[in-house]
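Chemist: My file is input_8.txt. It has compact mmCIF, C-alpha atoms and all ligand atoms:
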# COMPACT_ATOMS: atom_id res chain seq x y z
CA MET A 3 -11.04 2.76 85.45
CA THR A 4 -9.46 -0.71 85.69
CA GLU A 5 -10.73 -3.02 82.95
CA THR A 6 -10.81 -6.78 82.83
CA GLU A 7 -12.20 -9.39 80.44
CA ILE A 8 -13.75 -11.57 83.17
CA LEU A 9 -14.52 -10.43 86.74
CA ILE A 10 -15.18 -13.04 89.43
CA ILE A 11 -16.90 -11.95 92.66
CA GLY A 12 -16.01 -14.16 95.64
CA GLY A 13 -12.74 -15.62 96.90
CA GLY A 14 -13.97 -18.97 98.19
CA ILE A 15 -13.04 -22.29 96.61
CA ALA A 16 -15.51 -21.88 93.73
CA GLY A 17 -14.20 -18.45 92.72
CA ALA A 18 -10.54 -19.35 93.27
CA SER A 19 -10.83 -22.45 91.08
CA THR A 20 -12.67 -20.56 88.34
CA ALA A 21 -9.95 -17.88 88.37
CA TYR A 22 -7.19 -20.50 88.23
CA HIS A 23 -8.66 -22.37 85.26
CA LEU A 24 -9.48 -19.19 83.32
CA ALA A 25 -5.98 -17.83 83.90
CA GLN A 26 -4.55 -21.18 82.77
CA SER A 27 -6.45 -20.68 79.48
CA ALA A 28 -4.80 -17.25 79.15
CA HIS A 29 -7.91 -15.15 79.92
CA ASP A 30 -7.58 -11.70 81.47
CA VAL A 31 -9.30 -12.48 84.77
CA THR A 32 -9.73 -10.55 88.03
CA LEU A 33 -11.17 -11.85 91.32
CA LEU A 34 -12.61 -9.57 94.02
CA GLU A 35 -13.03 -10.77 97.61
CA ARG A 36 -14.74 -8.71 100.30
CA GLY A 37 -12.55 -10.08 103.11
CA ALA A 38 -9.66 -12.56 102.90
CA ILE A 39 -9.38 -15.53 100.53
CA ALA A 40 -11.13 -18.47 102.26
CA GLY A 41 -12.58 -16.07 104.84
CA GLU A 42 -16.04 -17.70 104.77
CA ALA A 43 -17.35 -21.27 104.27
CA SER A 44 -14.36 -22.36 102.19
CA GLY A 45 -12.00 -21.71 105.10
CA VAL A 46 -14.05 -23.02 108.04
CA ASN A 47 -15.38 -26.31 106.71
CA ALA A 48 -14.45 -29.81 107.86
CA GLY A 49 -12.14 -30.48 104.92
CA SER A 50 -13.86 -33.75 103.93
CA ILE A 51 -13.68 -34.65 100.26
CA GLY A 52 -16.41 -37.02 99.11
CA ALA A 53 -16.00 -39.47 96.22
CA THR A 54 -17.15 -42.97 95.29
CA GLY A 55 -15.70 -43.15 91.76
CA TRP A 56 -16.84 -42.17 88.26
CA GLY A 57 -19.39 -45.01 87.97
CA ASP A 58 -20.57 -46.55 84.71
CA MET A 59 -22.31 -43.39 83.45
CA PRO A 60 -20.63 -40.37 85.07
CA ASP A 61 -23.15 -37.69 86.02
CA LEU A 62 -22.63 -34.18 87.40
CA GLU A 63 -21.98 -35.50 90.91
CA ALA A 64 -19.30 -37.91 89.63
CA TYR A 65 -17.63 -35.10 87.67
CA LEU A 66 -17.70 -32.69 90.60
CA THR A 67 -16.38 -35.16 93.17
CA MET A 68 -13.88 -37.15 91.10
CA GLY A 69 -12.67 -34.12 89.13
CA SER A 70 -12.12 -32.18 92.36
CA LEU A 71 -10.37 -35.16 93.97
CA GLU A 72 -7.85 -35.16 91.11
CA MET A 73 -7.26 -31.41 91.57
CA PHE A 74 -6.63 -31.75 95.30
CA LYS A 75 -4.17 -34.55 94.53
CA SER A 76 -2.49 -32.45 91.89
CA LEU A 77 -2.12 -29.45 94.24
CA GLN A 78 -0.46 -31.66 96.85
CA LEU A 79 1.57 -34.01 94.65
CA ASP A 80 2.38 -32.10 91.45
CA LEU A 81 2.14 -28.36 92.15
CA GLY A 82 4.08 -28.42 95.43
CA SER A 83 1.36 -26.94 97.68
CA ASP A 84 1.12 -28.65 101.05
CA ILE A 85 -2.64 -28.61 101.59
CA GLU A 86 -2.56 -31.55 104.06
CA PHE A 87 -4.25 -33.73 101.44
CA ARG A 88 -4.62 -37.37 102.40
CA GLN A 89 -6.71 -40.03 100.67
CA SER A 90 -7.83 -41.28 104.05
CA GLY A 91 -10.96 -43.17 103.04
CA SER A 92 -14.14 -42.74 105.02
CA LEU A 93 -16.23 -44.82 107.42
CA GLN A 94 -19.98 -44.22 107.80
CA ALA A 95 -21.38 -45.73 110.98
CA ILE A 96 -24.56 -47.84 111.03
CA HIS A 97 -26.43 -47.57 114.34
CA THR A 98 -29.77 -49.38 113.78
CA LYS A 99 -31.30 -52.27 111.82
CA ALA A 100 -33.24 -49.82 109.62
CA GLN A 101 -30.00 -48.00 108.81
CA TYR A 102 -28.33 -51.36 108.08
CA ALA A 103 -30.99 -52.31 105.52
CA PHE A 104 -30.71 -48.87 103.89
CA ALA A 105 -26.89 -48.99 103.85
CA ARG A 106 -26.83 -52.51 102.35
CA ASP A 107 -29.22 -51.50 99.53
CA ARG A 108 -27.25 -48.31 98.85
CA VAL A 109 -23.93 -50.16 98.67
CA LEU A 110 -25.37 -52.87 96.39
CA HIS A 111 -26.99 -50.26 94.11
CA LEU A 112 -23.91 -48.07 93.77
CA ARG A 113 -21.53 -51.02 93.32
CA ALA A 114 -23.79 -52.35 90.55
CA HIS A 115 -23.24 -49.00 88.81
CA GLY A 116 -19.46 -49.13 89.07
CA HIS A 117 -18.86 -47.13 92.28
CA ARG A 118 -16.26 -48.00 94.89
CA LEU A 119 -17.61 -48.64 98.37
CA GLU A 120 -18.27 -51.65 100.59
CA LEU A 121 -20.16 -52.77 103.65
CA LEU A 122 -17.85 -53.71 106.54
CA THR A 123 -18.60 -55.57 109.73
CA THR A 124 -17.68 -53.61 112.83
CA ARG A 125 -14.80 -56.04 113.40
CA GLU A 126 -13.45 -55.27 109.92
CA ALA A 127 -13.86 -51.54 110.54
CA ARG A 128 -12.02 -51.79 113.87
CA SER A 129 -9.06 -53.38 112.13
CA ILE A 130 -8.59 -50.16 110.07
CA GLU A 131 -10.03 -47.64 112.59
CA PRO A 132 -9.35 -49.10 116.05
CA GLU A 133 -11.27 -46.46 118.07
CA VAL A 134 -14.74 -47.07 116.59
CA ASN A 135 -17.45 -48.37 118.90
CA PRO A 136 -17.62 -52.21 118.87
CA ALA A 137 -21.39 -52.04 119.63
CA LEU A 138 -22.27 -50.52 116.23
CA LEU A 139 -23.88 -52.72 113.54
CA GLY A 140 -21.38 -52.04 110.74
CA PHE A 141 -19.92 -49.37 108.47
CA ILE A 142 -19.97 -48.22 104.85
CA TYR A 143 -16.34 -47.92 103.75
CA MET A 144 -15.56 -45.45 100.93
CA PRO A 145 -11.86 -45.80 100.11
CA LEU A 146 -11.63 -42.87 97.65
CA ARG A 147 -12.81 -40.26 100.13
CA ALA A 148 -10.13 -37.89 101.29
CA GLN A 149 -9.38 -34.84 103.42
CA ALA A 150 -7.38 -31.62 103.22
CA ASP A 151 -6.97 -28.37 105.12
CA PRO A 152 -9.69 -26.03 103.75
CA GLN A 153 -7.77 -22.76 104.27
CA LYS A 154 -4.57 -24.09 102.75
CA ALA A 155 -6.34 -25.71 99.79
CA THR A 156 -8.44 -22.65 98.89
CA ARG A 157 -5.48 -20.28 99.25
CA ALA A 158 -3.31 -22.64 97.18
CA LEU A 159 -5.83 -22.41 94.32
CA ALA A 160 -5.95 -18.60 94.59
CA SER A 161 -2.13 -18.41 94.64
CA ALA A 162 -1.94 -20.73 91.62
CA ALA A 163 -4.44 -18.44 89.85
CA GLN A 164 -2.28 -15.40 90.69
CA ARG A 165 0.89 -17.14 89.46
CA SER A 166 -0.96 -17.91 86.21
CA GLY A 167 -1.76 -14.21 85.73
CA ALA A 168 -5.10 -13.60 87.52
CA GLY A 169 -5.50 -10.36 89.47
CA ILE A 170 -6.67 -11.13 93.02
CA TYR A 171 -7.95 -8.25 95.18
CA THR A 172 -8.95 -8.85 98.81
CA GLN A 173 -10.71 -6.45 101.23
CA CYS A 174 -12.61 -5.33 98.14
CA GLU A 175 -16.39 -5.51 98.47
CA VAL A 176 -18.72 -5.21 95.49
CA THR A 177 -21.34 -2.61 96.41
CA ALA A 178 -23.18 -1.87 93.14
CA ILE A 179 -23.34 -3.26 89.59
CA ARG A 180 -24.73 -1.68 86.45
CA GLN A 181 -24.55 -2.68 82.80
CA ARG A 182 -23.77 -0.10 80.11
CA SER A 183 -25.67 -0.14 76.82
CA ASP A 184 -22.64 -1.84 75.15
CA GLY A 185 -22.99 -4.72 77.64
CA THR A 186 -19.95 -3.84 79.78
CA TYR A 187 -20.48 -4.27 83.53
CA ILE A 188 -19.43 -1.37 85.75
CA VAL A 189 -18.79 -2.76 89.20
CA GLU A 190 -18.53 -0.36 92.13
CA THR A 191 -16.41 -1.61 95.01
CA SER A 192 -15.07 -0.48 98.36
CA GLN A 193 -11.88 0.28 96.39
CA GLU A 194 -11.90 1.43 92.73
CA PRO A 195 -14.67 0.69 90.20
CA ILE A 196 -13.90 -2.00 87.62
CA ALA A 197 -15.24 -2.47 84.09
CA ALA A 198 -15.72 -6.06 82.96
CA GLY A 199 -16.96 -7.72 79.80
CA THR A 200 -18.13 -10.82 81.66
CA LEU A 201 -19.22 -11.27 85.27
CA VAL A 202 -19.03 -14.48 87.35
CA LEU A 203 -20.93 -14.67 90.64
CA ALA A 204 -19.06 -16.95 93.06
CA ALA A 205 -20.19 -15.32 96.29
CA GLY A 206 -21.45 -18.44 98.07
CA ALA A 207 -24.28 -17.72 100.52
CA TRP A 208 -24.27 -14.06 99.37
CA CYS A 209 -25.20 -14.76 95.71
CA GLY A 210 -28.77 -13.70 96.48
CA SER A 211 -27.59 -10.21 97.52
CA LEU A 212 -25.45 -9.85 94.40
CA GLY A 213 -28.39 -10.99 92.28
CA ALA A 214 -30.49 -8.22 93.84
CA LEU A 215 -27.88 -5.67 92.66
CA LEU A 216 -28.59 -6.97 89.13
CA GLY A 217 -32.38 -7.01 89.51
CA LEU A 218 -32.40 -10.81 89.77
CA ARG A 219 -33.77 -13.29 92.25
CA ILE A 220 -31.15 -16.00 92.75
CA PRO A 221 -32.65 -18.64 95.06
CA ILE A 222 -29.60 -19.44 97.19
CA VAL A 223 -30.00 -19.19 100.97
CA PRO A 224 -27.46 -19.24 103.81
CA VAL A 225 -27.54 -22.42 105.92
CA ARG A 226 -25.53 -22.37 109.14
CA GLY A 227 -23.11 -25.26 109.62
CA GLN A 228 -21.28 -25.52 112.93
CA MET A 229 -18.30 -27.45 114.22
CA TRP A 230 -16.26 -28.08 117.36
CA ALA A 231 -12.76 -29.31 118.12
CA THR A 232 -10.94 -31.16 120.90
CA GLU A 233 -7.46 -30.38 122.17
CA SER A 234 -4.68 -31.71 119.99
CA LEU A 235 -4.01 -35.45 120.47
CA PRO A 236 -1.51 -37.91 119.03
CA PRO A 237 -2.96 -39.67 115.94
CA ARG A 238 -6.07 -41.66 116.95
CA VAL A 239 -8.53 -41.25 114.02
CA CYS A 240 -7.40 -42.27 110.53
CA HIS A 241 -10.49 -41.91 108.30
CA THR A 242 -13.13 -39.26 107.83
CA ILE A 243 -16.09 -40.34 109.95
CA SER A 244 -19.84 -39.96 109.41
CA SER A 245 -23.13 -41.62 110.30
CA THR A 246 -25.98 -43.17 108.31
CA GLU A 247 -28.75 -41.55 110.40
CA SER A 248 -29.23 -38.41 108.26
CA ALA A 249 -28.67 -40.26 104.98
CA LEU A 250 -31.63 -42.54 105.76
CA GLN A 251 -33.77 -39.62 106.98
CA TRP A 252 -33.11 -37.51 103.84
CA HIS A 253 -33.59 -40.50 101.54
CA THR A 254 -37.05 -40.99 103.06
CA ALA A 255 -37.97 -37.29 103.53
CA PRO A 256 -35.66 -34.66 101.95
CA GLY A 257 -37.67 -32.06 103.87
CA ASN A 258 -37.76 -29.21 101.35
CA GLU A 259 -40.71 -26.86 101.07
CA HIS A 260 -41.29 -24.12 98.50
CA ASP A 261 -39.00 -21.64 100.29
CA THR A 262 -36.62 -23.98 102.17
CA PRO A 263 -33.90 -26.27 100.80
CA PRO A 264 -33.76 -30.05 101.27
CA TYR A 265 -31.29 -31.96 103.47
CA LEU A 266 -31.40 -29.76 106.58
CA THR A 267 -31.24 -31.09 110.15
CA HIS A 268 -33.90 -28.64 111.40
CA ARG A 269 -37.23 -27.18 110.38
CA GLY A 270 -37.26 -23.89 112.32
CA ASP A 271 -36.12 -24.90 115.80
CA GLU A 272 -37.39 -28.47 115.48
CA ARG A 273 -34.71 -31.13 114.95
CA LEU A 274 -35.54 -33.53 112.07
CA THR A 275 -32.38 -35.63 112.23
CA ARG A 276 -28.83 -35.74 113.51
CA HIS A 277 -26.05 -35.43 110.94
CA LEU A 278 -22.35 -36.14 111.47
CA TYR A 279 -18.99 -35.56 109.82
CA GLY A 280 -15.51 -35.27 111.25
CA ARG A 281 -11.85 -36.22 111.19
CA GLN A 282 -8.54 -35.69 112.98
CA THR A 283 -6.47 -32.88 111.48
CA ARG A 284 -2.73 -33.08 110.94
CA ASP A 285 -2.09 -30.95 114.04
CA GLY A 286 -4.04 -33.49 116.11
CA ASP A 287 -7.38 -31.74 116.78
CA ILE A 288 -10.39 -34.01 116.37
CA ILE A 289 -13.05 -31.88 114.63
CA PHE A 290 -16.73 -32.71 114.18
CA GLY A 291 -19.88 -31.01 112.96
CA GLY A 292 -23.27 -31.76 111.48
CA ASP A 293 -26.15 -29.35 112.04
CA ARG A 294 -27.60 -27.49 109.05
CA GLN A 295 -30.05 -24.83 110.11
CA LEU A 296 -31.73 -21.82 108.48
CA VAL A 297 -30.94 -18.90 110.80
CA GLY A 298 -30.26 -16.12 108.28
CA TYR A 299 -26.71 -14.77 108.35
CA ASN A 300 -26.17 -15.74 112.01
CA LYS A 301 -22.71 -17.34 112.43
CA VAL A 302 -22.83 -17.83 116.20
CA PRO A 303 -22.64 -21.56 117.07
CA ASP A 304 -25.59 -23.01 118.99
CA SER A 305 -24.29 -24.86 122.07
CA ALA A 306 -27.34 -27.17 122.33
CA GLY A 307 -26.75 -28.37 118.76
CA ILE A 308 -23.06 -28.87 119.46
CA ALA A 309 -23.93 -31.03 122.51
CA VAL A 310 -26.23 -33.24 120.36
CA ASN A 311 -23.51 -33.53 117.73
CA ARG A 312 -20.88 -34.44 120.32
CA ASP A 313 -23.10 -37.25 121.70
CA HIS A 314 -23.63 -38.53 118.17
CA ALA A 315 -19.87 -38.46 117.51
CA ALA A 316 -19.17 -40.25 120.81
CA GLU A 317 -21.57 -43.05 119.78
CA VAL A 318 -19.14 -43.71 116.92
CA LEU A 319 -15.84 -42.84 118.65
CA PRO A 320 -16.27 -43.43 122.42
CA LEU A 321 -12.92 -41.71 123.19
CA LEU A 322 -14.70 -38.40 122.50
CA ARG A 323 -16.81 -38.74 125.69
CA GLU A 324 -13.76 -37.92 127.82
CA LEU A 325 -12.37 -35.08 125.72
CA PRO A 326 -13.43 -31.49 126.42
CA ILE A 327 -14.46 -29.19 123.58
CA LYS A 328 -11.67 -26.67 123.03
CA ARG A 329 -13.43 -24.39 120.53
CA SER A 330 -16.47 -24.19 118.27
CA TRP A 331 -17.28 -22.16 115.16
CA ALA A 332 -19.84 -21.77 112.37
CA GLY A 333 -20.05 -20.79 108.72
CA LEU A 334 -22.69 -20.28 106.04
CA MET A 335 -23.28 -22.85 103.31
CA PRO A 336 -24.85 -21.78 99.99
CA PHE A 337 -27.96 -23.97 99.55
CA SER A 338 -30.21 -23.68 96.51
CA LEU A 339 -33.91 -24.38 97.07
CA ASP A 340 -33.82 -27.62 95.03
CA GLY A 341 -30.51 -28.73 96.56
CA LYS A 342 -28.68 -28.72 93.21
CA PRO A 343 -25.74 -26.50 92.21
CA LEU A 344 -26.07 -23.48 89.92
CA ILE A 345 -23.20 -23.59 87.43
CA GLY A 346 -23.58 -21.81 84.11
CA ARG A 347 -25.02 -18.80 82.34
CA ILE A 348 -27.77 -16.62 83.78
CA PRO A 349 -29.93 -15.94 80.72
CA GLN A 350 -31.65 -12.73 81.91
CA ARG A 351 -28.45 -10.65 81.45
CA SER A 352 -25.73 -10.87 78.80
CA ASN A 353 -22.34 -12.36 79.78
CA LEU A 354 -23.44 -13.19 83.31
CA TYR A 355 -22.45 -16.51 84.92
CA ILE A 356 -22.68 -18.18 88.33
CA VAL A 357 -20.89 -20.99 90.16
CA SER A 358 -22.60 -21.63 93.48
CA GLY A 359 -25.25 -23.61 95.33
CA LEU A 360 -22.59 -26.12 96.35
CA ALA A 361 -24.35 -26.54 99.70
CA SER A 362 -22.76 -28.79 102.32
CA SER A 363 -20.17 -30.35 100.03
CA GLY A 364 -18.72 -27.38 98.18
CA PHE A 365 -15.20 -27.86 99.50
CA GLY A 366 -15.01 -31.32 97.95
CA ARG A 367 -16.85 -30.26 94.77
CA GLY A 368 -15.75 -26.63 94.33
CA PRO A 369 -12.52 -27.19 92.39
CA MET A 370 -14.27 -29.04 89.55
CA ALA A 371 -17.30 -26.70 89.66
CA GLY A 372 -14.86 -23.85 88.92
CA LYS A 373 -13.17 -25.79 86.15
CA LEU A 374 -16.47 -26.72 84.46
CA LEU A 375 -17.53 -23.06 84.49
CA ALA A 376 -14.11 -21.88 83.27
CA ASP A 377 -14.22 -24.41 80.41
CA TYR A 378 -17.72 -23.18 79.50
CA LEU A 379 -16.48 -19.58 79.34
CA HIS A 380 -13.37 -20.58 77.40
CA THR A 381 -15.07 -22.75 74.78
CA GLY A 382 -18.50 -21.11 74.69
CA TYR A 383 -20.15 -24.49 75.26
CA PRO A 384 -21.37 -26.03 78.51
CA HIS A 385 -20.29 -29.59 79.30
CA PRO A 386 -23.39 -31.84 78.93
CA VAL A 387 -23.31 -32.75 82.65
CA LEU A 388 -24.00 -29.09 83.46
CA ALA A 389 -27.58 -29.46 82.19
CA GLU A 390 -28.82 -30.32 85.68
CA ALA A 391 -27.00 -27.30 87.17
CA ASP A 392 -28.43 -24.82 84.63
CA PRO A 393 -29.29 -21.57 86.49
CA ALA A 394 -32.10 -20.93 83.97
CA ARG A 395 -34.24 -23.42 85.93
CA CYS A 396 -34.59 -21.12 88.93
CA VAL A 397 -33.16 -17.59 88.48
CA THR A 398 -35.88 -15.01 87.77
CA LEU A 399 -36.17 -11.25 87.25
CA VAL A 400 -37.26 -9.21 90.26
CA GLU A 401 -40.70 -7.83 89.32
C1 LIG B 501 -19.17 -25.78 109.18
C2 LIG B 501 -19.09 -26.21 107.76
C3 LIG B 501 -18.58 -27.47 107.44
C4 LIG B 501 -18.49 -27.89 106.12
N1 LIG B 501 -17.86 -29.07 105.83
C5 LIG B 501 -17.66 -29.43 104.54
C6 LIG B 501 -16.90 -30.58 104.21
O1 LIG B 501 -16.36 -31.26 105.08
N2 LIG B 501 -16.74 -30.91 102.91
C7 LIG B 501 -17.29 -30.15 101.91
O2 LIG B 501 -17.13 -30.52 100.74
N3 LIG B 501 -17.96 -29.01 102.17
C8 LIG B 501 -18.16 -28.63 103.47
N4 LIG B 501 -18.84 -27.47 103.76
C9 LIG B 501 -19.45 -26.69 102.65
C10 LIG B 501 -18.41 -25.83 101.92
O3 LIG B 501 -17.60 -25.15 102.87
C11 LIG B 501 -19.11 -24.82 101.00
O4 LIG B 501 -20.03 -25.48 100.16
C12 LIG B 501 -18.08 -24.12 100.10
O5 LIG B 501 -17.00 -23.64 100.85
C13 LIG B 501 -18.74 -22.98 99.32
O6 LIG B 501 -17.72 -22.32 98.62
P1 LIG B 501 -18.02 -20.97 97.84
O7 LIG B 501 -16.75 -20.55 97.21
O8 LIG B 501 -19.22 -21.18 96.98
O9 LIG B 501 -18.49 -19.93 98.98
P2 LIG B 501 -17.66 -19.16 100.12
O10 LIG B 501 -16.52 -19.95 100.64
O11 LIG B 501 -18.65 -18.67 101.12
O12 LIG B 501 -17.02 -17.93 99.33
C14 LIG B 501 -17.80 -16.85 98.88
C15 LIG B 501 -16.99 -15.59 99.06
O13 LIG B 501 -17.67 -14.50 98.46
C16 LIG B 501 -17.34 -13.34 99.20
N5 LIG B 501 -18.33 -12.29 98.95
C17 LIG B 501 -19.64 -12.29 99.26
N6 LIG B 501 -20.21 -11.13 98.89
C18 LIG B 501 -19.23 -10.37 98.33
C19 LIG B 501 -19.22 -9.06 97.78
N7 LIG B 501 -20.30 -8.28 97.72
N8 LIG B 501 -18.03 -8.60 97.29
C20 LIG B 501 -16.90 -9.35 97.33
N9 LIG B 501 -16.87 -10.61 97.86
C21 LIG B 501 -18.04 -11.11 98.35
C22 LIG B 501 -17.38 -13.83 100.64
O14 LIG B 501 -16.65 -12.97 101.51
C23 LIG B 501 -16.78 -15.23 100.53
O15 LIG B 501 -15.41 -15.28 100.84
C24 LIG B 501 -18.96 -27.03 105.08
C25 LIG B 501 -19.46 -25.76 105.39
C26 LIG B 501 -19.51 -25.35 106.71
C27 LIG B 501 -20.04 -23.96 107.02
Would you mind writing the file's structure down as C-alpha cells?
Ligand SMILES: Cc1cc2nc3c(=O)[nH]c(=O)nc-3n(C[C@H](O)[C@H](O)[C@H](O)COP(=O)(O)OP(=O)(O)OC[C@H]3O[C@@H](n4cnc5c(N)ncnc54)[C@H](O)[C@@H]3O)c2cc1C
Modeler:
Amino acid sequence: MTETEILIIGGGIAGASTAYHLAQSAHDVTLLERGAIAGEASGVNAGSIGATGWGDMPDLEAYLTMGSLEMFKSLQLDLGSDIEFRQSGSLQAIHTKAQYAFARDRVLHLRAHGHRLELLTTREARSIEPEVNPALLGFIYMPLRAQADPQKATRALASAAQRSGAGIYTQCEVTAIRQRSDGTYIVETSQEPIAAGTLVLAAGAWCGSLGALLGLRIPIVPVRGQMWATESLPPRVCHTISSTESALQWHTAPGNEHDTPPYLTHRGDERLTRHLYGRQTRDGDIIFGGDRQLVGYNKVPDSAGIAVNRDHAAEVLPLLRELPIKRSWAGLMPFSLDGKPLIGRIPQRSNLYIVSGLASSGFGRGPMAGKLLADYLHTGYPHPVLAEADPARCVTLVE
C-alpha cells in the first residue's frame, strides 16, 4: 500500500495551495482529486481577487485576502506562471441614496482603520472606466483588488506543488476512510488504497460527505453560483465590477437560519437581493454572475436568475444590453452555516485537519488559507488569526 505523511483530499485552490506550502517545507505530501485539478468551483469562478489592505490590526480576512494577493502576484511575476493576473482595481456601483449612505459610512469606517478604498463620483469613475452608466450615484473604488484566470491559477499552484515534490493524483476519488488503532488513516480510493499519518479535508462543497465517512458532521453546504459570458470583444472593461445592492442587504439582514448560511441571494425560490460581480477576461469575454442559491448539488444554471443578473449588470455597464449571452455555467461554493471559514484541526479525530468553508470568495482567499493550514501542520501551532476559523466551533460527531 502507498504510504504518505500527509494526504490532502481535494484538488481545488485550497488543496493545491496546502500541498504547495507543505511540499515547500519538505513534507511528504500527496493530493487526491476525484476529477481534474480545478474541475469544480476553483476552475469555474469569476477570478475576482478581493483586497482592501492589511488595515491597522490585521484580522483573518486581511490575512486571507492580502496574503493570497501576494501569492497570485508571486505566481505571475516571480515563478513564471502566466495566470492572467492583473491588479485591475475594482469599482462597486451605487444605485440608490440608501446605498450611497451605506457606502459612504463603509468607506469612512474602513479608511479610519487603515484600509485602501475611496468613494468616487460617477464622473471620476468614468474617467478610469469609461463604459459605466453616467446615471449612477457613485462608486466605491478598491485599487488593490485584482483578477486572474481561475483554471490557470489553481493548476499553477498544483504544478508548483508537484515540482516541489508533492504527489498529485487526479481521477482518484476517495470512497472510504478508516483509522487503524495506531492512528494511521487507511483511505480507499477509486485507484489504490493509501495509508496516511495525517489527513487534510480540502474537498470544498463535498466536505460534508467526507466528514460522514469519518462519522463526523461538518456543516458545509453546497451553494450554487452561476455565471454567463458575452462573445469576445476588444478591451472595454478595465476593472472588476460589482454593485452595492447585496452588500447593503446583507449588512442589514445576513439572512441565515439554523440550517442555512448567511449572504445568499435567495431563501428557497424567493429572491432576497440581487448580487453582482464580473470582469472582462484577457480573451475578451465579458463575464458576470451573482446568484447564490441552495439547490443541493444541482449545477444547471437557472435562466431566470441569469436574466435578472444581466439586467443588473447592464444597469452598471449599459453596453451589455446589446450583447447576446454566448454561454452560461454554474458551480458549487462551500458555505459554512455561520459564513466563516473552517481552517484548522478537527478535534474529534487525531491528525485530522480541514481547509474549507471559503464560500463565495475562496478563489481570492484560498492560497493563503492553504498556507495558514500548511504552516499550522509544519510548526504544530495555529496562527492566532485562525482562532475565528477553528473547526471545533461547529464540527460534531454523528450520533
Ligand atoms: C460561479 C462562481 C463564481 C465565483 N466567483 C468567485 C470570485 O470571483 N472570487 C472568489 O474569490 N471566489 C469565487 N467563487 C468561490 C470560489 O470558487 C470557491 O470558494 C473556491 O473555489 C473553493 O475552493 P475549494 O478548493 O475549497 O473547493 P473546490 O474548488 O470545489 O475543490 C474541491 C475539490 O475536491 C474534490 N473532491 C470532492 N470530493 C472528493 C472525493 N471524495 N475524492 C477526491 N476528491 C474530491 C472535488 O472534485 C473538487 O475538485 C465563485 C464560485 C462560483 C461557483
Chemist: At a cut-off of 7 Å and counting only C-alpha atoms and all ligand atoms, what residues surround ligand LIG 501 (chain B)? Please answer as a PyMOL selection string.
Modeler: chain A and resi 11-17+34-52+174-177+204-209+212+226-229+279+291+332-336+358-368
Chemist: Which residues are close to Asp261 (chain A), i.e. within 9 Å by only C-alpha atoms, leaving aside same-chain residues fewer than 3 positions away? Reply as a PyMOL selection string.
Modeler: chain A and resi 221+258+339
Chemist: Counting all atoms listed in the file, which residue out of A:Gln181, A:Ser76, A:Thr242, A:Thr67 sits closest to Gly91 (chain A)?
Modeler: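 Checking each candidate against Gly91 (chain A), we get A:Thr242 as the closest.
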Chemist: Just checking: using all atoms listed in the file, which residue out of A:Ser83, A:Leu203, A:Gly292, A:Leu325 ends up closest to Asp304 (chain A)?
Modeler: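 Using all atoms listed in the file, Asp304 (chain A) sits closest to A:Gly292.
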Chemist: With only C-alpha atoms counted, which protein, DNA or RNA residues have an atom no more than 12 Å from (-18.0, -38.2, 85.3) in the file frame? Please answer as a list in words.
Modeler: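 So the residues meeting the distance criterion are Ala53, Thr54, Gly55, Trp56, Gly57, Asp58, Met59, Pro60, Asp61, Leu62, Glu63, Ala64, Tyr65, Leu66, Thr67, Met68, Gly69, Ser70, Leu71, Gly116, His117, Met370, Leu374, His385, Pro386, Val387 and Leu388 of chain A.
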Chemist: Take the point (-16.0, -29.4, 120.2) in the file's coordinates, draw a sphere of radius 6 Å around it, and report as a list in words every protein, DNA or RNA residue with an atom inside or on it, counting all atoms listed in the file.
Modeler: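 Residues satisfying the cut-off, written out: Trp230, Ala231, Thr232, Ile327, Lys328, Arg329 and Ser330 of chain A.
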Chemist: Would you compute the distance between CA of Glu86 (chain A) and CA of Thr283 (chain A)? Give it in Å to one decimal.
Modeler: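 For CA of Glu86 (chain A) relative to CA of Thr283 (chain A), the distance reads 8.5 Å.
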Chemist: Using only C-alpha atoms, which residues sit within 9 Å of Arg238 (chain A) once same-chain residues fewer than 2 positions away are excluded, as a list in words?
Modeler: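 What passes the distance filter is Glu131, Pro132, Glu133, Leu235, Pro236, Cys240, Gln282, Gly286 and Ile288 of chain A.
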Chemist: What are the closest atom pairs, with distances in Å to one decimal, for all residues of region 101-215 of chain A lying within 12 Å of region 248-251 of chain A? Consider all atoms listed in the file, order rows by chain and residue number, and present the result as JSON lines.
Modeler:
{"residue": "A:Gln101", "atom": "CA", "partner": "A:Leu250", "partner_atom": "CA", "distance": 6.5}
{"residue": "A:Tyr102", "atom": "CA", "partner": "A:Leu250", "partner_atom": "CA", "distance": 9.7}
{"residue": "A:Ala103", "atom": "CA", "partner": "A:Leu250", "partner_atom": "CA", "distance": 9.8}
{"residue": "A:Phe104", "atom": "CA", "partner": "A:Leu250", "partner_atom": "CA", "distance": 6.7}
{"residue": "A:Ala105", "atom": "CA", "partner": "A:Leu250", "partner_atom": "CA", "distance": 8.2}
{"residue": "A:Arg106", "atom": "CA", "partner": "A:Leu250", "partner_atom": "CA", "distance": 11.6}
{"residue": "A:Asp107", "atom": "CA", "partner": "A:Leu250", "partner_atom": "CA", "distance": 11.2}
{"residue": "A:Arg108", "atom": "CA", "partner": "A:Leu250", "partner_atom": "CA", "distance": 10.0}
{"residue": "A:Ile142", "atom": "CA", "partner": "A:Ala249", "partner_atom": "CA", "distance": 11.8}
Chemist: Determine, counting all atoms listed in the file, which protein, DNA and RNA residues have an atom within 8 Å of an atom of Arg180 (chain A); residues of the same chain fewer than 2 positions away are not included. Present the result as JSON, numbers by chain.
Modeler: {"A": [178, 182, 187, 188, 189, 216]}
Chemist: Put a box with edges along x, y and z around all the listed atoms of region 148-165 of chain A, pad it by 8 Å on each side, then give me its centre and sizes in Å, one decimal, as lines of an AutoDock Vina configuration file.
Modeler:
center_x = -4.6
center_y = -26.6
center_z = 97.3
size_x = 27.0
size_y = 38.5
size_z = 31.7
Chemist: For each of A:Leu110, A:Ile243, A:Ala127, A:Leu296, take the minimum atom-to-atom distance to Asp271 (chain A), counting all atoms listed in the file, then give the residue where this is smallest.
Modeler: A:Leu296
Chemist: One decimal, Å: what's the distance from CA of His277 (chain A) over to CA of Lys75 (chain A), could you say?
Modeler: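 It comes out at 27.4 Å.
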